[in-house]
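Engineer: Handing over my_file06.cif, mmCIF, N, CA and C atoms.
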```cif
data_upload
loop_
_atom_site.label_atom_id
_atom_site.label_comp_id
_atom_site.auth_asym_id
_atom_site.auth_seq_id
_atom_site.Cartn_x
_atom_site.Cartn_y
_atom_site.Cartn_z
N GLN L 291 -12.66 3.20 -14.62
CA GLN L 291 -12.07 2.00 -14.03
C GLN L 291 -10.56 2.18 -13.94
N VAL L 292 -10.03 1.85 -12.78
CA VAL L 292 -8.57 1.91 -12.56
C VAL L 292 -8.07 0.49 -12.38
N HIS L 293 -7.14 0.10 -13.22
CA HIS L 293 -6.55 -1.23 -13.13
C HIS L 293 -5.18 -1.10 -12.46
N LEU L 294 -4.98 -1.85 -11.38
CA LEU L 294 -3.76 -1.74 -10.57
C LEU L 294 -2.97 -3.05 -10.62
N VAL L 295 -1.68 -2.93 -10.82
CA VAL L 295 -0.82 -4.11 -10.86
C VAL L 295 0.40 -3.87 -9.98
N GLU L 296 0.53 -4.71 -8.95
CA GLU L 296 1.67 -4.60 -8.03
C GLU L 296 2.84 -5.44 -8.54
N SER L 297 4.03 -5.03 -8.13
CA SER L 297 5.23 -5.80 -8.43
C SER L 297 6.29 -5.45 -7.39
N GLY L 298 7.36 -6.21 -7.38
CA GLY L 298 8.48 -5.93 -6.50
C GLY L 298 8.58 -6.80 -5.27
N GLY L 299 7.60 -7.67 -5.08
CA GLY L 299 7.68 -8.56 -3.94
C GLY L 299 8.76 -9.62 -4.13
N GLY L 300 9.01 -10.37 -3.07
CA GLY L 300 10.01 -11.43 -3.15
C GLY L 300 10.39 -11.95 -1.79
N LEU L 301 11.46 -12.72 -1.78
CA LEU L 301 11.99 -13.31 -0.54
C LEU L 301 13.18 -12.47 -0.09
N VAL L 302 13.17 -12.07 1.17
CA VAL L 302 14.25 -11.24 1.70
C VAL L 302 14.53 -11.65 3.13
N GLN L 303 15.75 -11.49 3.56
CA GLN L 303 16.11 -11.80 4.94
C GLN L 303 15.64 -10.68 5.86
N ALA L 304 15.41 -11.03 7.10
CA ALA L 304 15.05 -10.03 8.10
C ALA L 304 16.12 -8.94 8.14
N GLY L 305 15.67 -7.70 8.20
CA GLY L 305 16.56 -6.56 8.17
C GLY L 305 16.78 -6.00 6.78
N GLY L 306 16.33 -6.74 5.78
CA GLY L 306 16.51 -6.30 4.41
C GLY L 306 15.44 -5.33 3.95
N SER L 307 15.50 -5.00 2.66
CA SER L 307 14.60 -4.01 2.07
C SER L 307 14.01 -4.50 0.77
N LEU L 308 12.85 -3.97 0.46
CA LEU L 308 12.20 -4.18 -0.83
C LEU L 308 11.50 -2.89 -1.21
N ARG L 309 11.29 -2.72 -2.51
CA ARG L 309 10.48 -1.61 -3.00
C ARG L 309 9.36 -2.17 -3.85
N LEU L 310 8.15 -1.97 -3.37
CA LEU L 310 6.98 -2.40 -4.12
C LEU L 310 6.50 -1.28 -5.03
N SER L 311 6.02 -1.66 -6.18
CA SER L 311 5.44 -0.70 -7.12
C SER L 311 4.01 -1.10 -7.43
N CYS L 312 3.21 -0.10 -7.73
CA CYS L 312 1.83 -0.31 -8.13
C CYS L 312 1.58 0.54 -9.36
N ALA L 313 1.51 -0.10 -10.50
CA ALA L 313 1.30 0.61 -11.76
C ALA L 313 -0.18 0.63 -12.09
N ALA L 314 -0.68 1.81 -12.39
CA ALA L 314 -2.09 1.98 -12.69
C ALA L 314 -2.31 2.22 -14.18
N SER L 315 -3.45 1.76 -14.66
CA SER L 315 -3.85 2.02 -16.04
C SER L 315 -5.36 2.20 -16.07
N GLY L 316 -5.85 2.70 -17.17
CA GLY L 316 -7.29 2.91 -17.32
C GLY L 316 -7.70 4.36 -17.14
N ARG L 317 -7.19 4.97 -16.09
CA ARG L 317 -7.41 6.40 -15.87
C ARG L 317 -6.33 6.91 -14.92
N PRO L 318 -6.07 8.18 -14.91
CA PRO L 318 -5.03 8.72 -14.03
C PRO L 318 -5.37 8.51 -12.55
N ILE L 319 -4.33 8.27 -11.76
CA ILE L 319 -4.54 8.10 -10.31
C ILE L 319 -4.54 9.43 -9.58
N ARG L 320 -4.25 10.52 -10.29
CA ARG L 320 -4.08 11.83 -9.64
C ARG L 320 -5.21 12.19 -8.68
N PRO L 321 -6.49 11.91 -9.00
CA PRO L 321 -7.56 12.32 -8.07
C PRO L 321 -7.72 11.40 -6.86
N TYR L 322 -6.99 10.30 -6.83
CA TYR L 322 -7.25 9.27 -5.84
C TYR L 322 -6.26 9.28 -4.69
N VAL L 323 -6.76 8.99 -3.51
CA VAL L 323 -5.91 8.55 -2.41
C VAL L 323 -5.49 7.12 -2.72
N MET L 324 -4.21 6.87 -2.56
CA MET L 324 -3.69 5.54 -2.85
C MET L 324 -3.22 4.88 -1.55
N GLY L 325 -3.56 3.61 -1.41
CA GLY L 325 -3.21 2.91 -0.19
C GLY L 325 -2.56 1.57 -0.45
N TRP L 326 -1.91 1.08 0.59
CA TRP L 326 -1.36 -0.27 0.60
C TRP L 326 -1.96 -1.02 1.79
N PHE L 327 -2.38 -2.24 1.54
CA PHE L 327 -2.86 -3.14 2.57
C PHE L 327 -2.03 -4.42 2.47
N ARG L 328 -2.14 -5.26 3.49
CA ARG L 328 -1.47 -6.56 3.44
C ARG L 328 -2.30 -7.60 4.16
N GLN L 329 -2.09 -8.84 3.75
CA GLN L 329 -2.76 -9.96 4.39
C GLN L 329 -1.76 -11.07 4.63
N GLY L 330 -1.45 -11.29 5.90
CA GLY L 330 -0.53 -12.35 6.27
C GLY L 330 -1.23 -13.68 6.37
N PRO L 331 -0.47 -14.77 6.49
CA PRO L 331 -1.06 -16.11 6.58
C PRO L 331 -2.01 -16.22 7.77
N GLY L 332 -3.24 -16.60 7.49
CA GLY L 332 -4.22 -16.78 8.55
C GLY L 332 -4.71 -15.50 9.19
N LYS L 333 -4.41 -14.36 8.57
CA LYS L 333 -4.81 -13.08 9.14
C LYS L 333 -5.78 -12.35 8.23
N ASP L 334 -6.47 -11.38 8.80
CA ASP L 334 -7.32 -10.50 8.00
C ASP L 334 -6.47 -9.48 7.26
N ARG L 335 -7.04 -8.92 6.22
CA ARG L 335 -6.35 -7.86 5.49
C ARG L 335 -6.25 -6.63 6.38
N GLU L 336 -5.07 -6.02 6.43
CA GLU L 336 -4.87 -4.87 7.30
C GLU L 336 -4.25 -3.71 6.54
N PHE L 337 -4.57 -2.53 7.02
CA PHE L 337 -4.04 -1.29 6.45
C PHE L 337 -2.55 -1.19 6.73
N VAL L 338 -1.80 -0.69 5.74
CA VAL L 338 -0.37 -0.47 5.92
C VAL L 338 -0.04 1.02 5.82
N ALA L 339 -0.46 1.63 4.71
CA ALA L 339 -0.12 3.04 4.49
C ALA L 339 -1.02 3.61 3.42
N ALA L 340 -1.14 4.94 3.42
CA ALA L 340 -1.90 5.63 2.38
C ALA L 340 -1.30 7.01 2.16
N ILE L 341 -1.55 7.55 0.96
CA ILE L 341 -1.03 8.86 0.61
C ILE L 341 -2.12 9.64 -0.11
N SER L 342 -2.23 10.91 0.24
CA SER L 342 -3.28 11.75 -0.33
C SER L 342 -3.05 12.01 -1.82
N SER L 343 -4.07 12.52 -2.46
CA SER L 343 -4.00 12.74 -3.90
C SER L 343 -2.91 13.74 -4.28
N ASN L 344 -2.63 14.71 -3.41
CA ASN L 344 -1.59 15.70 -3.71
C ASN L 344 -0.26 15.36 -3.05
N ALA L 345 -0.18 14.16 -2.46
CA ALA L 345 1.02 13.67 -1.79
C ALA L 345 1.40 14.50 -0.57
N GLY L 346 0.50 15.37 -0.13
CA GLY L 346 0.82 16.22 1.01
C GLY L 346 0.61 15.55 2.34
N ASN L 347 -0.16 14.47 2.36
CA ASN L 347 -0.43 13.76 3.61
C ASN L 347 -0.22 12.28 3.40
N SER L 348 0.30 11.65 4.44
CA SER L 348 0.44 10.20 4.43
C SER L 348 0.07 9.66 5.80
N LEU L 349 -0.23 8.39 5.82
CA LEU L 349 -0.69 7.74 7.05
C LEU L 349 -0.11 6.34 7.08
N TYR L 350 0.33 5.93 8.27
CA TYR L 350 0.95 4.61 8.40
C TYR L 350 0.35 3.85 9.58
N GLU L 351 0.28 2.57 9.41
CA GLU L 351 -0.05 1.69 10.54
C GLU L 351 1.11 1.74 11.52
N ASP L 352 0.82 1.65 12.79
CA ASP L 352 1.84 1.90 13.81
C ASP L 352 3.06 0.99 13.66
N SER L 353 2.86 -0.27 13.32
CA SER L 353 3.97 -1.22 13.30
C SER L 353 4.96 -0.97 12.16
N VAL L 354 4.57 -0.15 11.19
CA VAL L 354 5.47 0.10 10.04
C VAL L 354 6.04 1.51 10.05
N LYS L 355 5.58 2.34 10.97
CA LYS L 355 6.09 3.72 11.03
C LYS L 355 7.60 3.72 11.22
N GLY L 356 8.27 4.56 10.44
CA GLY L 356 9.72 4.65 10.51
C GLY L 356 10.45 3.60 9.70
N ARG L 357 9.71 2.60 9.20
CA ARG L 357 10.34 1.54 8.40
C ARG L 357 9.86 1.55 6.96
N PHE L 358 8.59 1.87 6.77
CA PHE L 358 7.99 1.87 5.43
C PHE L 358 7.73 3.31 4.99
N THR L 359 7.84 3.56 3.69
CA THR L 359 7.55 4.88 3.14
C THR L 359 6.71 4.74 1.88
N ILE L 360 5.58 5.42 1.86
CA ILE L 360 4.73 5.43 0.67
C ILE L 360 5.01 6.69 -0.13
N SER L 361 5.00 6.54 -1.45
CA SER L 361 5.19 7.70 -2.32
C SER L 361 4.42 7.46 -3.61
N ARG L 362 4.29 8.53 -4.40
CA ARG L 362 3.56 8.41 -5.65
C ARG L 362 4.23 9.26 -6.72
N ASP L 363 4.12 8.80 -7.94
CA ASP L 363 4.60 9.55 -9.10
C ASP L 363 3.45 9.57 -10.10
N ASP L 364 2.67 10.63 -10.06
CA ASP L 364 1.49 10.70 -10.90
C ASP L 364 1.84 10.77 -12.38
N ALA L 365 3.00 11.30 -12.70
CA ALA L 365 3.42 11.33 -14.10
C ALA L 365 3.59 9.92 -14.65
N LYS L 366 4.00 9.00 -13.76
CA LYS L 366 4.15 7.60 -14.17
C LYS L 366 2.94 6.76 -13.80
N ASN L 367 1.96 7.42 -13.18
CA ASN L 367 0.74 6.70 -12.74
C ASN L 367 1.10 5.50 -11.86
N THR L 368 2.02 5.73 -10.95
CA THR L 368 2.56 4.65 -10.14
C THR L 368 2.69 5.09 -8.68
N VAL L 369 2.44 4.14 -7.80
CA VAL L 369 2.60 4.34 -6.37
C VAL L 369 3.65 3.34 -5.88
N TYR L 370 4.41 3.75 -4.87
CA TYR L 370 5.49 2.92 -4.36
C TYR L 370 5.33 2.71 -2.86
N LEU L 371 5.88 1.61 -2.40
CA LEU L 371 6.00 1.38 -0.97
C LEU L 371 7.41 0.84 -0.72
N GLN L 372 8.23 1.67 -0.06
CA GLN L 372 9.58 1.26 0.31
C GLN L 372 9.52 0.56 1.66
N LEU L 373 10.01 -0.66 1.69
CA LEU L 373 9.99 -1.46 2.91
C LEU L 373 11.43 -1.63 3.40
N ASN L 374 11.74 -1.07 4.54
CA ASN L 374 13.08 -1.20 5.13
C ASN L 374 12.98 -1.92 6.48
N SER L 375 14.12 -2.42 6.93
CA SER L 375 14.20 -3.10 8.23
C SER L 375 13.10 -4.14 8.36
N LEU L 376 12.97 -4.96 7.37
CA LEU L 376 11.86 -5.92 7.33
C LEU L 376 11.97 -6.94 8.45
N LYS L 377 10.82 -7.31 8.96
CA LYS L 377 10.71 -8.29 10.03
C LYS L 377 9.92 -9.50 9.52
N PHE L 378 10.09 -10.61 10.21
CA PHE L 378 9.38 -11.83 9.84
C PHE L 378 7.88 -11.57 9.77
N GLU L 379 7.38 -10.78 10.70
CA GLU L 379 5.94 -10.54 10.77
C GLU L 379 5.42 -9.63 9.65
N ASP L 380 6.32 -9.11 8.81
CA ASP L 380 5.89 -8.35 7.65
C ASP L 380 5.52 -9.26 6.48
N THR L 381 5.76 -10.56 6.63
CA THR L 381 5.42 -11.51 5.59
C THR L 381 3.93 -11.47 5.31
N ALA L 382 3.58 -11.22 4.04
CA ALA L 382 2.18 -11.06 3.66
C ALA L 382 2.09 -10.86 2.15
N VAL L 383 0.87 -10.95 1.66
CA VAL L 383 0.58 -10.46 0.32
C VAL L 383 0.23 -8.98 0.46
N TYR L 384 0.88 -8.14 -0.33
CA TYR L 384 0.67 -6.69 -0.26
C TYR L 384 -0.18 -6.25 -1.44
N TYR L 385 -1.21 -5.49 -1.12
CA TYR L 385 -2.17 -5.03 -2.12
C TYR L 385 -2.15 -3.51 -2.22
N CYS L 386 -2.25 -3.04 -3.43
CA CYS L 386 -2.41 -1.61 -3.72
C CYS L 386 -3.89 -1.34 -3.94
N ALA L 387 -4.34 -0.16 -3.52
CA ALA L 387 -5.76 0.17 -3.67
C ALA L 387 -5.94 1.66 -3.87
N ALA L 388 -7.07 2.05 -4.44
CA ALA L 388 -7.37 3.45 -4.72
C ALA L 388 -8.75 3.81 -4.18
N THR L 389 -8.84 4.97 -3.57
CA THR L 389 -10.11 5.48 -3.09
C THR L 389 -10.28 6.94 -3.45
N GLY L 390 -11.52 7.32 -3.68
CA GLY L 390 -11.82 8.72 -3.96
C GLY L 390 -12.19 9.49 -2.71
N ASN L 391 -12.12 8.84 -1.53
CA ASN L 391 -12.50 9.49 -0.28
C ASN L 391 -11.31 10.24 0.30
N PRO L 392 -11.37 11.55 0.37
CA PRO L 392 -10.23 12.32 0.87
C PRO L 392 -10.13 12.38 2.40
N ALA L 393 -11.12 11.83 3.11
CA ALA L 393 -11.13 11.92 4.57
C ALA L 393 -10.08 10.99 5.15
N LYS L 394 -9.09 11.58 5.78
CA LYS L 394 -7.95 10.80 6.27
C LYS L 394 -8.36 9.75 7.29
N ASN L 395 -9.38 10.04 8.07
CA ASN L 395 -9.79 9.07 9.09
C ASN L 395 -10.51 7.87 8.50
N ARG L 396 -10.74 7.88 7.19
CA ARG L 396 -11.36 6.74 6.54
C ARG L 396 -10.34 5.87 5.81
N TRP L 397 -9.11 6.29 5.72
CA TRP L 397 -8.12 5.57 4.91
C TRP L 397 -7.78 4.19 5.45
N PHE L 398 -8.05 3.99 6.74
CA PHE L 398 -7.73 2.69 7.36
C PHE L 398 -8.62 1.56 6.86
N PHE L 399 -9.78 1.93 6.33
CA PHE L 399 -10.82 0.93 6.11
C PHE L 399 -10.81 0.43 4.68
N SER L 400 -10.64 -0.86 4.50
CA SER L 400 -10.53 -1.44 3.16
C SER L 400 -11.80 -1.21 2.34
N TYR L 401 -12.95 -1.15 3.00
CA TYR L 401 -14.19 -0.98 2.24
C TYR L 401 -14.32 0.41 1.62
N GLU L 402 -13.46 1.33 2.00
CA GLU L 402 -13.49 2.66 1.40
C GLU L 402 -12.84 2.68 0.02
N TYR L 403 -12.09 1.62 -0.31
CA TYR L 403 -11.31 1.61 -1.53
C TYR L 403 -12.10 0.95 -2.67
N ASP L 404 -12.06 1.61 -3.82
CA ASP L 404 -12.87 1.18 -4.96
C ASP L 404 -12.14 0.24 -5.88
N TYR L 405 -10.83 0.36 -5.94
CA TYR L 405 -10.05 -0.42 -6.89
C TYR L 405 -8.90 -1.11 -6.16
N TRP L 406 -8.62 -2.34 -6.59
CA TRP L 406 -7.60 -3.17 -5.94
C TRP L 406 -6.74 -3.86 -6.97
N GLY L 407 -5.48 -4.05 -6.63
CA GLY L 407 -4.61 -4.91 -7.43
C GLY L 407 -4.73 -6.36 -6.99
N GLN L 408 -3.95 -7.20 -7.64
CA GLN L 408 -4.02 -8.64 -7.37
C GLN L 408 -3.08 -9.06 -6.25
N GLY L 409 -2.17 -8.17 -5.87
CA GLY L 409 -1.27 -8.44 -4.76
C GLY L 409 0.10 -8.94 -5.20
N THR L 410 1.07 -8.72 -4.34
CA THR L 410 2.43 -9.22 -4.54
C THR L 410 2.93 -9.79 -3.23
N GLN L 411 3.55 -10.97 -3.29
CA GLN L 411 3.96 -11.68 -2.08
C GLN L 411 5.30 -11.14 -1.56
N VAL L 412 5.32 -10.83 -0.29
CA VAL L 412 6.56 -10.48 0.41
C VAL L 412 6.80 -11.53 1.48
N THR L 413 7.94 -12.18 1.42
CA THR L 413 8.28 -13.20 2.40
C THR L 413 9.60 -12.81 3.06
N VAL L 414 9.56 -12.70 4.38
CA VAL L 414 10.75 -12.32 5.15
C VAL L 414 11.21 -13.52 5.94
N SER L 415 12.43 -13.94 5.71
CA SER L 415 12.98 -15.08 6.43
C SER L 415 13.68 -14.59 7.69
N SER L 416 13.48 -15.33 8.76
CA SER L 416 14.05 -14.92 10.05
C SER L 416 15.44 -15.49 10.24
#
```
Once you've parsed the file, please lay out its structure as structure tokens.

Structural biologist:
Amino acid sequence: QVHLVESGGGLVQAGGSLRLSCAASGRPIRPYVMGWFRQGPGKDREFVAAISSNAGNSLYEDSVKGRFTISRDDAKNTVYLQLNSLKFEDTAVYYCAATGNPAKNRWFFSYEYDYWGQGTQVTVSS
């Protein structure tokens, strides 16, 4: 069992930055692909980014490419999501998740992920 806890969310003005963290416990995250999803008000949960178990590959949703960066520090059992140039439409609850599926074309799908955090709220004021 992997227990995930997100932190780092908050209120920020458009154009600002935040760094989200996802701290894992229970077992090492090293074997897992780690992902970030988000759910905005009245919207379905959507894929944001994912990073392979060896950090050699990453994947981003089109609207966040060039603005968000996912990274991982397996020594700290933690995954990060750097959010830059934030827009009002980035407002959402952001969730960290872990999957054992190494197939990159499956990373978009929330049902592929076995473990989830409780989420952290990001609010961008326009």

Engineer: Kindly indicate which residue among L:Leu371, L:Gly346, L:His293, L:Leu376 lies nearest to Ser311 (chain L), using only N, CA and C atoms for the distances.

Structural biologist: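 Going through L:Leu371, L:Gly346, L:His293, L:Leu376 one by one, the smallest distance to Ser311 (chain L) is for L:Leu371.
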
Engineer: Once the PyMOL selection byres ((chain L and resi 355-369) around 8) has been evaluated on this model, what residues remain selected, and can you format them as a compact mmCIF listing (two decimals) with N, CA and C atoms, in the coordinates of the input?

Structural biologist:
```txt
# COMPACT_ATOMS: atom_id res chain seq x y z
N LEU L 310 8.15 -1.97 -3.37
CA LEU L 310 6.98 -2.40 -4.12
C LEU L 310 6.50 -1.28 -5.03
N SER L 311 6.02 -1.66 -6.18
CA SER L 311 5.44 -0.70 -7.12
C SER L 311 4.01 -1.10 -7.43
N CYS L 312 3.21 -0.10 -7.73
CA CYS L 312 1.83 -0.31 -8.13
C CYS L 312 1.58 0.54 -9.36
N ALA L 313 1.51 -0.10 -10.50
CA ALA L 313 1.30 0.61 -11.76
C ALA L 313 -0.18 0.63 -12.09
N ALA L 314 -0.68 1.81 -12.39
CA ALA L 314 -2.09 1.98 -12.69
C ALA L 314 -2.31 2.22 -14.18
N SER L 315 -3.45 1.76 -14.66
CA SER L 315 -3.85 2.02 -16.04
C SER L 315 -5.36 2.20 -16.07
N ARG L 317 -7.19 4.97 -16.09
CA ARG L 317 -7.41 6.40 -15.87
C ARG L 317 -6.33 6.91 -14.92
N PRO L 318 -6.07 8.18 -14.91
CA PRO L 318 -5.03 8.72 -14.03
C PRO L 318 -5.37 8.51 -12.55
N ILE L 319 -4.33 8.27 -11.76
CA ILE L 319 -4.54 8.10 -10.31
C ILE L 319 -4.54 9.43 -9.58
N ARG L 320 -4.25 10.52 -10.29
CA ARG L 320 -4.08 11.83 -9.64
C ARG L 320 -5.21 12.19 -8.68
N MET L 324 -4.21 6.87 -2.56
CA MET L 324 -3.69 5.54 -2.85
C MET L 324 -3.22 4.88 -1.55
N GLY L 325 -3.56 3.61 -1.41
CA GLY L 325 -3.21 2.91 -0.19
C GLY L 325 -2.56 1.57 -0.45
N TRP L 326 -1.91 1.08 0.59
CA TRP L 326 -1.36 -0.27 0.60
C TRP L 326 -1.96 -1.02 1.79
N VAL L 338 -1.80 -0.69 5.74
CA VAL L 338 -0.37 -0.47 5.92
C VAL L 338 -0.04 1.02 5.82
N ALA L 339 -0.46 1.63 4.71
CA ALA L 339 -0.12 3.04 4.49
C ALA L 339 -1.02 3.61 3.42
N ALA L 340 -1.14 4.94 3.42
CA ALA L 340 -1.90 5.63 2.38
C ALA L 340 -1.30 7.01 2.16
N ILE L 341 -1.55 7.55 0.96
CA ILE L 341 -1.03 8.86 0.61
C ILE L 341 -2.12 9.64 -0.11
N ALA L 345 -0.18 14.16 -2.46
CA ALA L 345 1.02 13.67 -1.79
C ALA L 345 1.40 14.50 -0.57
N SER L 348 0.30 11.65 4.44
CA SER L 348 0.44 10.20 4.43
C SER L 348 0.07 9.66 5.80
N LEU L 349 -0.23 8.39 5.82
CA LEU L 349 -0.69 7.74 7.05
C LEU L 349 -0.11 6.34 7.08
N TYR L 350 0.33 5.93 8.27
CA TYR L 350 0.95 4.61 8.40
C TYR L 350 0.35 3.85 9.58
N GLU L 351 0.28 2.57 9.41
CA GLU L 351 -0.05 1.69 10.54
C GLU L 351 1.11 1.74 11.52
N ASP L 352 0.82 1.65 12.79
CA ASP L 352 1.84 1.90 13.81
C ASP L 352 3.06 0.99 13.66
N SER L 353 2.86 -0.27 13.32
CA SER L 353 3.97 -1.22 13.30
C SER L 353 4.96 -0.97 12.16
N VAL L 354 4.57 -0.15 11.19
CA VAL L 354 5.47 0.10 10.04
C VAL L 354 6.04 1.51 10.05
N TYR L 370 4.41 3.75 -4.87
CA TYR L 370 5.49 2.92 -4.36
C TYR L 370 5.33 2.71 -2.86
N LEU L 371 5.88 1.61 -2.40
CA LEU L 371 6.00 1.38 -0.97
C LEU L 371 7.41 0.84 -0.72
N GLN L 372 8.23 1.67 -0.06
CA GLN L 372 9.58 1.26 0.31
C GLN L 372 9.52 0.56 1.66
N LEU L 373 10.01 -0.66 1.69
CA LEU L 373 9.99 -1.46 2.91
C LEU L 373 11.43 -1.63 3.40
N ASN L 374 11.74 -1.07 4.54
CA ASN L 374 13.08 -1.20 5.13
C ASN L 374 12.98 -1.92 6.48
N SER L 375 14.12 -2.42 6.93
CA SER L 375 14.20 -3.10 8.23
C SER L 375 13.10 -4.14 8.36
N LEU L 376 12.97 -4.96 7.37
CA LEU L 376 11.86 -5.92 7.33
C LEU L 376 11.97 -6.94 8.45
```

Engineer: Can you pull out the residues contacting Thr413 (chain L)? Cut-off 8 Å, using all atoms listed in the file, and skip same-chain residues under 3 positions away; I want them as a list of chain:residue names.

Structural biologist: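 Contacts, with the query itself left out: L:Gly299, L:Gly300, L:Leu301, L:Val302, L:Gln303, L:Ala304, L:Lys377, L:Phe378, L:Asp380, L:Thr381, L:Ala382, L:Val383, L:Thr410, L:Ser416.
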
Engineer: Between L:Ser415, L:Ser400, L:Gln329, L:Ser343, which is the closest to Tyr385 (chain L) once you count all atoms listed in the file?

Structural biologist: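 Of all the options, L:Gln329 lies closest to Tyr385 (chain L).
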
Engineer: Between CA of Arg328 (chain L) and atom N of Glu379 (chain L), what is the spacing in Å?

Structural biologist: 12.2 Å

Engineer: Take atom N of Gly316 (chain L) and atom C of Gly409 (chain L) and report the distance between them in Å, one decimal.

Structural biologist: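 Straight-line distance from atom N of Gly316 (chain L) to atom C of Gly409 (chain L) works out to 17.7 Å.
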
Engineer: CA of Lys394 (chain L) and CA of Ser307 (chain L) are how many Å apart?

Structural biologist: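 Between CA of Lys394 (chain L) and CA of Ser307 (chain L) the gap is 27.3 Å.
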
Engineer: Could you give me the residues within region 309-397 of chain L that DSSP places in helix (DSSP H, G or I), as a PDB file with N, CA and C atoms, keeping the file's coordinate frame?

Structural biologist:
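Writing the result to states_3.pdb gives the following:
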```
ATOM      1  N   ASP L 352       0.820   1.650  12.790  1.00  0.00           N
ATOM      2  CA  ASP L 352       1.840   1.900  13.810  1.00  0.00           C
ATOM      3  C   ASP L 352       3.060   0.990  13.660  1.00  0.00           C
ATOM      4  N   SER L 353       2.860  -0.270  13.320  1.00  0.00           N
ATOM      5  CA  SER L 353       3.970  -1.220  13.300  1.00  0.00           C
ATOM      6  C   SER L 353       4.960  -0.970  12.160  1.00  0.00           C
ATOM      7  N   VAL L 354       4.570  -0.150  11.190  1.00  0.00           N
ATOM      8  CA  VAL L 354       5.470   0.100  10.040  1.00  0.00           C
ATOM      9  C   VAL L 354       6.040   1.510  10.050  1.00  0.00           C
ATOM     10  N   PHE L 378      10.090 -10.610  10.210  1.00  0.00           N
ATOM     11  CA  PHE L 378       9.380 -11.830   9.840  1.00  0.00           C
ATOM     12  C   PHE L 378       7.880 -11.570   9.770  1.00  0.00           C
ATOM     13  N   GLU L 379       7.380 -10.780  10.700  1.00  0.00           N
ATOM     14  CA  GLU L 379       5.940 -10.540  10.770  1.00  0.00           C
ATOM     15  C   GLU L 379       5.420  -9.630   9.650  1.00  0.00           C
ATOM     16  N   ASP L 380       6.320  -9.110   8.810  1.00  0.00           N
ATOM     17  CA  ASP L 380       5.890  -8.350   7.650  1.00  0.00           C
ATOM     18  C   ASP L 380       5.520  -9.260   6.480  1.00  0.00           C
ATOM     19  N   LYS L 394      -9.090  11.580   5.780  1.00  0.00           N
ATOM     20  CA  LYS L 394      -7.950  10.800   6.270  1.00  0.00           C
ATOM     21  C   LYS L 394      -8.360   9.750   7.290  1.00  0.00           C
ATOM     22  N   ASN L 395      -9.380  10.040   8.070  1.00  0.00           N
ATOM     23  CA  ASN L 395      -9.790   9.070   9.090  1.00  0.00           C
ATOM     24  C   ASN L 395     -10.510   7.870   8.500  1.00  0.00           C
ATOM     25  N   ARG L 396     -10.740   7.880   7.190  1.00  0.00           N
ATOM     26  CA  ARG L 396     -11.360   6.740   6.540  1.00  0.00           C
ATOM     27  C   ARG L 396     -10.340   5.870   5.810  1.00  0.00           C
TER      28      ARG L 396
END
```

Engineer: List every residue of region 343-390 of chain L that DSSP, applied to the backbone, labels as strand (DSSP E), and write the result as a list in words.

Structural biologist: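 Residues of region 343-390 of chain L classed as strand (DSSP E): Ser348, Leu349, Tyr350, Phe358, Thr359, Ile360, Ser361, Arg362, Asp363, Thr368, Val369, Tyr370, Leu371, Gln372, Leu373, Ala382, Val383, Tyr384, Tyr385, Cys386, Ala387, Ala388 and Thr389 of chain L.
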
Engineer: List as a ChimeraX atom specification the protein and nucleic acid residues near Trp406 (chain L), meaning an atom at most 8 Å away when only N, CA and C atoms are counted, but skip any in the same chain fewer than 4 places from it.

Structural biologist: /L:292-296,385-389

Engineer: Export N, CA and C atoms of the chosen residues as a CSV table (one decimal), in the coordinates of the input?

Structural biologist:
```
chain,number,residue,atom,x,y,z
L,292,VAL,N,-10.0,1.8,-12.8
L,292,VAL,CA,-8.6,1.9,-12.6
L,292,VAL,C,-8.1,0.5,-12.4
L,293,HIS,N,-7.1,0.1,-13.2
L,293,HIS,CA,-6.6,-1.2,-13.1
L,293,HIS,C,-5.2,-1.1,-12.5
L,294,LEU,N,-5.0,-1.8,-11.4
L,294,LEU,CA,-3.8,-1.7,-10.6
L,294,LEU,C,-3.0,-3.0,-10.6
L,295,VAL,N,-1.7,-2.9,-10.8
L,295,VAL,CA,-0.8,-4.1,-10.9
L,295,VAL,C,0.4,-3.9,-10.0
L,296,GLU,N,0.5,-4.7,-9.0
L,296,GLU,CA,1.7,-4.6,-8.0
L,296,GLU,C,2.8,-5.4,-8.5
L,385,TYR,N,-1.2,-5.5,-1.1
L,385,TYR,CA,-2.2,-5.0,-2.1
L,385,TYR,C,-2.2,-3.5,-2.2
L,386,CYS,N,-2.2,-3.0,-3.4
L,386,CYS,CA,-2.4,-1.6,-3.7
L,386,CYS,C,-3.9,-1.3,-3.9
L,387,ALA,N,-4.3,-0.2,-3.5
L,387,ALA,CA,-5.8,0.2,-3.7
L,387,ALA,C,-5.9,1.7,-3.9
L,388,ALA,N,-7.1,2.0,-4.4
L,388,ALA,CA,-7.4,3.4,-4.7
L,388,ALA,C,-8.8,3.8,-4.2
L,389,THR,N,-8.8,5.0,-3.6
L,389,THR,CA,-10.1,5.5,-3.1
L,389,THR,C,-10.3,6.9,-3.4
```

Engineer: With all atoms listed in the file as the atoms that count, which of L:Ser297, L:Ser342, L:Asn347, L:Asn391 lies nearest to Asp404 (chain L)?

Structural biologist: L:Asn391
